[in-house]
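As stored in run.cif (mmCIF, C-alpha atoms):
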data_my_file
loop_
_atom_site.label_atom_id
_atom_site.label_comp_id
_atom_site.auth_asym_id
_atom_site.auth_seq_id
_atom_site.Cartn_x
_atom_site.Cartn_y
_atom_site.Cartn_z
CA MET A 17 20.67 -11.22 3.42
CA GLU A 18 21.51 -7.91 1.75
CA ALA A 19 21.67 -9.67 -1.61
CA ALA A 20 18.30 -11.35 -0.98
CA ALA A 21 16.61 -8.04 -0.10
CA ARG A 22 18.13 -6.51 -3.26
CA VAL A 23 17.02 -9.34 -5.55
CA ILE A 24 13.49 -9.44 -4.07
CA ALA A 25 13.12 -5.66 -4.41
CA ARG A 26 14.26 -5.88 -8.03
CA ARG A 27 12.56 -9.07 -9.23
CA GLY A 28 9.76 -9.67 -6.75
CA VAL A 29 9.27 -12.86 -4.77
CA ARG A 30 8.04 -14.73 -7.85
CA GLY A 31 11.12 -13.63 -9.79
CA LEU A 32 13.59 -14.69 -7.11
CA ARG A 33 15.97 -17.30 -8.52
CA VAL A 34 18.40 -18.93 -6.14
CA GLU A 35 21.07 -18.85 -8.88
CA GLU A 36 20.77 -15.07 -9.18
CA LEU A 37 20.81 -14.68 -5.41
CA ALA A 38 23.95 -16.81 -5.19
CA ALA A 39 25.66 -14.75 -7.90
CA GLU A 40 24.60 -11.50 -6.22
CA ALA A 41 25.92 -12.69 -2.86
CA GLY A 42 29.09 -14.15 -4.42
CA VAL A 43 28.50 -17.61 -2.96
CA SER A 44 27.41 -21.02 -4.29
CA THR A 45 23.78 -22.09 -4.48
CA ALA A 46 24.76 -25.07 -2.30
CA LEU A 47 25.81 -22.71 0.49
CA ILE A 48 22.48 -20.90 0.22
CA TYR A 49 20.52 -24.13 0.54
CA TYR A 50 22.80 -25.20 3.39
CA HIS A 51 21.95 -22.02 5.32
CA PHE A 52 18.29 -21.51 4.48
CA LYS A 53 17.14 -25.04 3.69
CA ASP A 54 14.70 -23.94 1.01
CA ARG A 55 13.03 -21.06 -0.76
CA ALA A 56 10.57 -20.54 2.10
CA GLY A 57 13.54 -20.29 4.48
CA ILE A 58 15.16 -17.61 2.31
CA LEU A 59 11.94 -15.57 2.28
CA ARG A 60 11.39 -15.87 6.03
CA ARG A 61 14.92 -14.82 6.88
CA THR A 62 14.82 -11.94 4.39
CA LEU A 63 11.60 -10.66 5.95
CA GLU A 64 13.31 -10.74 9.34
CA PHE A 65 16.36 -8.98 7.92
CA ILE A 66 14.40 -6.13 6.36
CA ASN A 67 12.38 -5.67 9.54
CA ASP A 68 15.52 -5.45 11.64
CA ARG A 69 17.02 -3.02 9.16
CA ALA A 70 13.87 -0.82 9.20
CA GLU A 71 13.91 -0.94 12.99
CA ARG A 72 17.51 0.30 12.85
CA TYR A 73 17.10 3.15 10.39
CA THR A 74 13.91 4.44 12.03
CA THR A 75 15.27 4.47 15.57
CA GLU A 76 18.99 5.25 15.39
CA ARG A 77 20.04 8.59 16.90
CA ASP A 78 23.36 10.30 17.27
CA ALA A 79 24.63 9.65 20.78
CA ASP A 80 25.28 13.37 21.34
CA ALA A 81 22.07 14.63 19.66
CA GLU A 82 19.58 16.75 21.60
CA PRO A 83 16.96 14.59 23.30
CA LEU A 84 13.63 14.61 21.44
CA THR A 85 10.19 15.29 22.86
CA PRO A 86 7.83 12.29 22.58
CA ARG A 87 6.03 13.96 19.68
CA GLN A 88 9.27 14.65 17.83
CA GLU A 89 10.31 11.06 18.33
CA LEU A 90 7.01 9.79 16.93
CA GLU A 91 7.23 12.08 13.89
CA ARG A 92 10.85 11.21 13.31
CA THR A 93 10.23 7.47 13.48
CA LEU A 94 7.45 7.69 10.88
CA LEU A 95 9.26 10.14 8.60
CA LEU A 96 12.38 7.99 8.53
CA GLU A 97 10.33 5.50 6.48
CA LEU A 98 10.17 8.19 3.80
CA GLN A 99 13.78 9.00 2.99
CA ASP A 100 15.41 9.24 -0.38
CA ASP A 101 17.99 6.67 0.57
CA PRO A 102 18.78 3.51 -1.43
CA VAL A 103 18.51 1.22 1.61
CA VAL A 104 15.13 2.66 2.63
CA ARG A 105 13.81 2.41 -0.93
CA GLU A 106 15.05 -1.14 -1.29
CA ASN A 107 13.71 -2.14 2.11
CA SER A 108 10.23 -0.75 1.49
CA THR A 109 10.12 -2.21 -2.01
CA ALA A 110 11.11 -5.66 -0.72
CA TRP A 111 8.55 -5.38 2.09
CA GLY A 112 5.85 -4.58 -0.49
CA GLU A 113 6.89 -7.59 -2.58
CA LEU A 114 6.92 -9.96 0.39
CA ARG A 115 3.51 -8.70 1.51
CA ALA A 116 2.09 -9.03 -2.02
CA SER A 117 3.40 -12.60 -2.24
CA ALA A 118 1.13 -13.51 0.70
CA ILE A 119 -1.95 -12.77 -1.44
CA PHE A 120 -1.60 -16.10 -3.22
CA ASP A 121 0.79 -17.93 -0.91
CA PRO A 122 -0.07 -18.20 2.80
CA ASP A 123 3.50 -19.24 3.79
CA LEU A 124 4.67 -15.84 4.99
CA ARG A 125 1.38 -14.63 6.46
CA GLU A 126 2.17 -15.47 10.04
CA ASP A 127 5.57 -13.77 9.92
CA LEU A 128 4.10 -10.73 8.15
CA ALA A 129 1.32 -10.50 10.74
CA ARG A 130 3.81 -10.70 13.59
CA ALA A 131 6.14 -8.09 12.07
CA THR A 132 3.19 -5.76 11.48
CA LEU A 133 2.00 -6.22 15.05
CA VAL A 134 5.43 -5.36 16.44
CA TRP A 135 5.49 -2.20 14.31
CA VAL A 136 1.95 -1.19 15.36
CA GLN A 137 2.89 -1.71 19.02
CA GLU A 138 6.02 0.39 18.64
CA ILE A 139 4.01 3.29 17.15
CA SER A 140 1.30 2.75 19.74
CA GLU A 141 3.85 3.19 22.54
CA LEU A 142 5.21 6.37 20.99
CA LEU A 143 1.64 7.71 20.68
CA GLY A 144 1.05 6.78 24.33
CA GLN A 145 4.05 8.85 25.39
CA VAL A 146 2.51 11.90 23.70
CA ARG A 147 -1.02 11.13 24.94
CA PRO A 148 -0.63 9.29 28.27
CA MET A 149 -4.36 9.56 29.06
CA ALA A 150 -5.53 7.74 25.90
CA THR A 151 -6.78 4.17 26.24
CA VAL A 152 -4.77 1.26 24.90
CA THR A 153 -7.48 0.50 22.32
CA THR A 154 -7.64 4.00 20.86
CA LEU A 155 -3.84 4.15 20.77
CA ALA A 156 -3.69 0.83 18.94
CA THR A 157 -6.27 1.94 16.38
CA SER A 158 -4.42 5.20 15.74
CA ALA A 159 -1.15 3.32 15.41
CA GLU A 160 -2.71 0.82 13.03
CA ARG A 161 -4.04 3.62 10.85
CA LEU A 162 -0.71 5.47 10.84
CA THR A 163 1.22 2.36 9.80
CA LEU A 164 -1.35 1.64 7.05
CA LEU A 165 -0.89 5.19 5.85
CA VAL A 166 2.91 4.79 5.85
CA GLU A 167 2.47 1.71 3.64
CA GLY A 168 0.09 3.49 1.27
CA ILE A 169 2.30 6.58 1.09
CA SER A 170 5.48 4.52 0.63
CA MET A 171 4.09 2.59 -2.31
CA ARG A 172 2.81 5.71 -4.06
CA TRP A 173 6.09 7.52 -3.42
CA LEU A 174 8.26 4.58 -4.54
CA SER A 175 6.27 4.19 -7.75
CA GLY A 176 7.13 7.79 -8.59
CA ILE A 177 3.70 9.38 -8.48
CA LEU A 178 3.88 11.12 -5.08
CA PRO A 179 6.74 13.60 -4.50
CA LEU A 180 8.71 12.94 -1.31
CA GLU A 181 8.12 16.39 0.15
CA HIS A 182 4.37 16.05 -0.20
CA ALA A 183 4.48 12.48 1.13
CA ARG A 184 6.15 13.76 4.29
CA GLU A 185 3.63 16.58 4.69
CA LEU A 186 0.73 14.13 4.40
CA MET A 187 2.37 11.99 7.05
CA LEU A 188 2.92 14.85 9.52
CA ASP A 189 -0.60 16.07 8.95
CA ALA A 190 -1.94 12.59 9.73
CA VAL A 191 0.09 12.46 12.95
CA ASP A 192 -1.43 15.79 13.92
CA ALA A 193 -4.93 14.44 13.16
CA GLU A 194 -4.43 11.25 15.20
CA LEU A 195 -3.00 13.15 18.17
CA GLY A 196 -5.96 15.53 17.98
CA ARG A 197 -8.40 12.64 18.12
CA LEU A 198 -6.57 10.97 20.99
CA GLU A 199 -6.76 14.20 22.96
CA ARG A 200 -10.51 14.59 22.47
CA ARG A 201 -11.41 11.05 23.48
CA MET B 37 -8.88 -7.25 -20.78
CA GLU B 38 -10.38 -9.52 -18.14
CA ALA B 39 -7.76 -12.13 -18.91
CA ALA B 40 -4.98 -9.52 -18.67
CA ALA B 41 -6.20 -8.31 -15.27
CA ARG B 42 -6.36 -11.92 -14.08
CA VAL B 43 -2.87 -12.80 -15.30
CA ILE B 44 -1.31 -9.63 -13.87
CA ALA B 45 -3.01 -10.19 -10.50
CA ARG B 46 -1.73 -13.76 -10.45
CA ARG B 47 1.79 -13.38 -11.90
CA GLY B 48 2.61 -9.72 -11.51
CA VAL B 49 3.67 -7.43 -14.31
CA ARG B 50 7.11 -9.04 -14.49
CA GLY B 51 5.53 -12.48 -14.77
CA LEU B 52 3.15 -11.50 -17.55
CA ARG B 53 3.83 -13.66 -20.63
CA VAL B 54 1.90 -12.84 -23.78
CA GLU B 55 1.57 -16.59 -24.48
CA GLU B 56 -0.18 -17.15 -21.15
CA LEU B 57 -2.39 -14.13 -21.71
CA ALA B 58 -3.38 -15.41 -25.16
CA ALA B 59 -4.19 -18.86 -23.74
CA GLU B 60 -6.20 -17.31 -20.90
CA ALA B 61 -8.16 -15.13 -23.34
CA GLY B 62 -8.55 -17.98 -25.84
CA VAL B 63 -6.99 -16.02 -28.71
CA SER B 64 -3.72 -16.09 -30.63
CA THR B 65 -0.67 -14.08 -29.56
CA ALA B 66 -0.79 -12.46 -33.02
CA LEU B 67 -4.23 -11.05 -32.25
CA ILE B 68 -2.97 -9.64 -28.98
CA TYR B 69 -0.06 -7.87 -30.66
CA TYR B 70 -2.42 -6.67 -33.38
CA HIS B 71 -4.68 -5.03 -30.78
CA PHE B 72 -2.17 -3.75 -28.25
CA LYS B 73 0.95 -3.29 -30.38
CA ASP B 74 3.33 -4.27 -27.57
CA ARG B 75 3.71 -5.16 -23.92
CA ALA B 76 3.50 -1.51 -22.86
CA GLY B 77 0.21 -1.26 -24.76
CA ILE B 78 -1.19 -4.27 -22.90
CA LEU B 79 -0.24 -2.77 -19.54
CA ARG B 80 -1.66 0.65 -20.36
CA ARG B 81 -4.99 -0.75 -21.53
CA THR B 82 -5.21 -3.12 -18.55
CA LEU B 83 -4.67 -0.21 -16.16
CA GLU B 84 -7.51 1.63 -17.90
CA PHE B 85 -9.71 -1.44 -17.74
CA ILE B 86 -9.21 -2.00 -14.01
CA ASN B 87 -9.83 1.68 -13.30
CA ASP B 88 -13.09 1.62 -15.26
CA ARG B 89 -14.10 -1.55 -13.48
CA ALA B 90 -13.33 -0.05 -10.03
CA GLU B 91 -15.26 3.06 -11.01
CA ARG B 92 -18.21 0.79 -11.85
CA TYR B 93 -18.25 -1.36 -8.73
CA THR B 94 -17.74 1.57 -6.37
CA THR B 95 -20.51 3.72 -7.88
CA GLU B 96 -23.26 1.40 -9.12
CA ARG B 97 -26.57 1.63 -7.26
CA ASP B 98 -29.87 -0.15 -7.69
CA ALA B 99 -32.17 2.10 -9.69
CA ASP B 100 -34.93 1.75 -7.09
CA ALA B 101 -32.70 1.98 -3.98
CA GLU B 102 -33.29 4.71 -1.38
CA PRO B 103 -31.25 7.83 -2.19
CA LEU B 104 -28.14 8.14 -0.01
CA THR B 105 -27.04 11.12 2.02
CA PRO B 106 -23.71 12.60 0.85
CA ARG B 107 -21.97 11.01 3.83
CA GLN B 108 -23.47 7.59 3.12
CA GLU B 109 -22.40 7.90 -0.49
CA LEU B 110 -18.84 8.75 0.53
CA GLU B 111 -18.66 5.84 2.98
CA ARG B 112 -20.22 3.45 0.51
CA THR B 113 -17.82 4.42 -2.27
CA LEU B 114 -14.79 3.81 -0.05
CA LEU B 115 -16.11 0.61 1.54
CA LEU B 116 -16.91 -0.92 -1.86
CA GLU B 117 -13.11 -1.13 -2.36
CA LEU B 118 -13.10 -3.58 0.54
CA GLN B 119 -15.47 -6.36 -0.49
CA ASP B 120 -14.87 -10.06 -0.38
CA ASP B 121 -15.61 -10.39 -4.07
CA PRO B 122 -13.31 -12.07 -6.63
CA VAL B 123 -13.46 -9.13 -9.04
CA VAL B 124 -12.61 -6.59 -6.32
CA ARG B 125 -9.75 -8.75 -5.03
CA GLU B 126 -8.39 -9.28 -8.53
CA ASN B 127 -8.76 -5.62 -9.41
CA SER B 128 -6.97 -4.37 -6.30
CA THR B 129 -4.24 -6.99 -6.65
CA ALA B 130 -3.65 -6.05 -10.28
CA TRP B 131 -3.62 -2.34 -9.36
CA GLY B 132 -0.97 -3.07 -6.70
CA GLU B 133 1.14 -4.98 -9.24
CA LEU B 134 0.87 -2.25 -11.88
CA ARG B 135 1.77 0.40 -9.32
CA ALA B 136 4.73 -1.66 -8.04
CA SER B 137 5.98 -2.11 -11.62
CA ALA B 138 6.42 1.66 -11.85
CA ILE B 139 9.12 1.54 -9.14
CA PHE B 140 11.68 0.31 -11.66
CA ASP B 141 9.94 1.10 -14.94
CA PRO B 142 8.71 4.66 -15.56
CA ASP B 143 6.46 3.62 -18.49
CA LEU B 144 3.19 3.53 -16.58
CA ARG B 145 3.87 6.41 -14.21
CA GLU B 146 1.96 9.01 -16.12
CA ASP B 147 -1.13 6.80 -16.47
CA LEU B 148 -0.93 5.79 -12.80
CA ALA B 149 -0.63 9.42 -11.73
CA ARG B 150 -3.61 10.40 -13.87
CA ALA B 151 -5.79 7.53 -12.60
CA THR B 152 -4.85 8.39 -9.01
CA LEU B 153 -5.70 12.04 -9.57
CA VAL B 154 -9.13 11.16 -10.99
CA TRP B 155 -9.80 8.99 -7.95
CA VAL B 156 -8.64 11.67 -5.49
CA GLN B 157 -10.87 14.23 -7.25
CA GLU B 158 -13.86 11.90 -7.06
CA ILE B 159 -13.40 11.42 -3.29
CA SER B 160 -12.72 15.12 -2.91
CA GLU B 161 -16.07 15.95 -4.53
CA LEU B 162 -17.90 13.52 -2.27
CA LEU B 163 -16.19 15.07 0.76
CA GLY B 164 -17.19 18.50 -0.53
CA GLN B 165 -20.84 17.45 -0.62
CA VAL B 166 -20.64 16.53 3.07
CA ARG B 167 -18.59 19.61 3.99
CA PRO B 168 -19.58 22.36 1.52
CA MET B 169 -17.74 25.05 3.52
CA ALA B 170 -14.33 23.34 3.36
CA THR B 171 -11.70 24.77 1.02
CA VAL B 172 -10.67 22.94 -2.14
CA THR B 173 -7.16 22.45 -0.73
CA THR B 174 -8.23 20.87 2.55
CA LEU B 175 -10.73 18.66 0.69
CA ALA B 176 -8.01 17.50 -1.69
CA THR B 177 -5.62 16.70 1.16
CA SER B 178 -8.29 14.72 3.00
CA ALA B 179 -9.19 12.86 -0.17
CA GLU B 180 -5.55 12.10 -0.86
CA ARG B 181 -5.09 10.71 2.63
CA LEU B 182 -8.26 8.60 2.41
CA THR B 183 -7.22 7.06 -0.92
CA LEU B 184 -3.74 6.34 0.45
CA LEU B 185 -5.37 4.64 3.40
CA VAL B 186 -7.60 2.58 1.08
CA GLU B 187 -4.46 1.40 -0.71
CA GLY B 188 -2.68 0.55 2.54
CA ILE B 189 -5.72 -1.22 3.95
CA SER B 190 -6.38 -3.11 0.70
CA MET B 191 -2.88 -4.50 0.51
CA ARG B 192 -2.87 -5.61 4.14
CA TRP B 193 -6.32 -7.15 3.77
CA LEU B 194 -5.50 -8.90 0.48
CA SER B 195 -2.33 -10.38 1.92
CA GLY B 196 -4.44 -12.00 4.61
CA ILE B 197 -3.17 -10.21 7.69
CA LEU B 198 -6.05 -7.75 8.27
CA PRO B 199 -9.57 -9.17 8.67
CA LEU B 200 -12.14 -7.57 6.36
CA GLU B 201 -14.46 -6.48 9.18
CA HIS B 202 -11.64 -4.64 10.93
CA ALA B 203 -10.44 -3.16 7.64
CA ARG B 204 -13.88 -1.64 7.11
CA GLU B 205 -14.03 -0.29 10.65
CA LEU B 206 -10.64 1.40 10.23
CA MET B 207 -11.90 2.94 6.99
CA LEU B 208 -15.13 4.31 8.50
CA ASP B 209 -13.26 5.63 11.48
CA ALA B 210 -10.86 7.46 9.15
CA VAL B 211 -13.78 8.99 7.25
CA ASP B 212 -15.15 10.22 10.56
CA ALA B 213 -11.77 11.71 11.45
CA GLU B 214 -11.37 13.50 8.11
CA LEU B 215 -14.91 14.91 8.24
CA GLY B 216 -14.24 16.10 11.80
CA ARG B 217 -11.12 17.92 10.65
CA LEU B 218 -12.88 19.48 7.68
CA GLU B 219 -15.58 20.80 9.97
CA ARG B 220 -13.14 22.41 12.38
CA ARG B 221 -11.13 24.19 9.71
#

Give the structure from the file, written as structure tokens.
Amino acid sequence: MEAAARVIARRGVRGLRVEELAAEAGVSTALIYYHFKDRAGILRRTLEFINDRAERYTTERDADAEPLTPRQELERTLLLELQDDPVVRENSTAWGELRASAIFDPDLREDLARATLVWVQEISELLGQVRPMATVTTLATSAERLTLLVEGISMRWLSGILPLEHARELMLDAVDAELGRLERR
Amino acid sequence: MEAAARVIARRGVRGLRVEELAAEAGVSTALIYYHFKDRAGILRRTLEFINDRAERYTTERDADAEPLTPRQELERTLLLELQDDPVVRENSTAWGELRASAIFDPDLREDLARATLVWVQEISELLGQVRPMATVTTLATSAERLTLLVEGISMRWLSGILPLEHARELMLDAVDAELGRLERR
């Protein structure tokens, strides 16, 4: 799975060759087909893998770290998508490629929609812990907008035209704006 | 240039073959190299072409249409990025592919950064017409965030997991939020 995420980040979904994936993973192409059945199976499982990995690196905490306030936890979860770390870069790049592949090929749409929904719900819950009086609908809209912004910021940062420090400031500022709106409603 | 935008939207930058581009444009590969010198030249000119085209379809008005208020003009400009129109879809898809290509290849970064800056300044000016008392810095930050959101929304809409109507609502709601912030500052 790590090899698949790496190859998709590097070559895109259209450039994914099972031979290259096999070489990268150090296994035979036969083994890959045995496990994933076909190309669509590889893509689906890779999407799952990168979602699980993002879930891990955005939520893991040191066991003996100070507990966070709900707001700190929300900010931390979003900012951990913007780290100068090879795994984060590769993960976000592969996510962008998988999402772009759905423009012309509907195969992955359902899985992408489900993964996005899970992410929006996660952010929505964190927002709800900071603003317990906000309605479910306004929380969901705020969460949707924040995740869309993470995607926009990530792509501009990854492509080298938005410095990381500024990317993180824009993100924190947006969190502040959404929390402000949720308070006033 | 139209053929190049079409091929890049469909195959990505990595999948762009000069032979296919020549066939699509109905010219010889020799003519393409004569005009654009090399692959980097094709990409640079295509980026310019899709930016000019986006500039056109987001700003054109009927000569005899009612004049818009500054706020209507701002909203219209942003919403015209989210139209179910083949040229808009192709343009945004090609922009996403060109931007993604800069993750591994720094060639286009400077042109992408410049095009993004021009766009942010355009939105910043429109925001400034609605909120003439806001500072240049806060206007620029709001404009930056709105353009990042357009990019995030576009990609999710194009990949078929965000319905157009909802995409437009999220956009208008974000405009409302940014204008609210600019008023309070």

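For the set A:Leu37, A:Ala159, A:Gly196, A:Ala118, the residue with the smallest atom-to-atom gap to chain B is A:Ala118, counting all atoms listed in the file.
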
Hey, list the chain B side of the contact with chain A: 9 Å cut-off, all atoms listed in the file, answer as a ChimeraX atom specification. /B:46-48,50-51,129,132-133,135-142,145-146,148-149,152,177,180-189,191-198,206-207,210,213-214,217

8 Å contact set for region 142-149 of chain A, all atoms listed in the file, chain neighbours under 3 positions out, as a VMD selection string: chain A and resid 86 to 87 89 to 90 138 to 139 155 159 195 198 to 199

Identify the residues within 12 Å of coordinate (21.3, -18.5, 2.0) (same frame as the file), considering only C-alpha atoms, and give the answer as a ChimeraX atom specification. /A:17-21,33-62

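Nearest to Ala131 (chain A) of all the residues A:Asp78, A:Val104, A:Glu64, A:Leu96 is A:Glu64, counting only C-alpha atoms.
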
Could you give me the centre and size, in Å to one decimal, of an axis-aligned box around all listed atoms of region 57-65 of chain A with 3 Å added on every side, as AutoDock Vina command-line options?
--center_x 13.9 --center_y -14.6 --center_z 5.8 --size_x 11.0 --size_y 17.3 --size_z 13.1

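Taking CA of Val154 (chain B) as the reference point, CA of Asp100 (chain B) is found at 27.7 Å.
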
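Across the structure, CA of Asp143 (chain B) and CA of Val103 (chain A) are spaced 23.6 Å apart.
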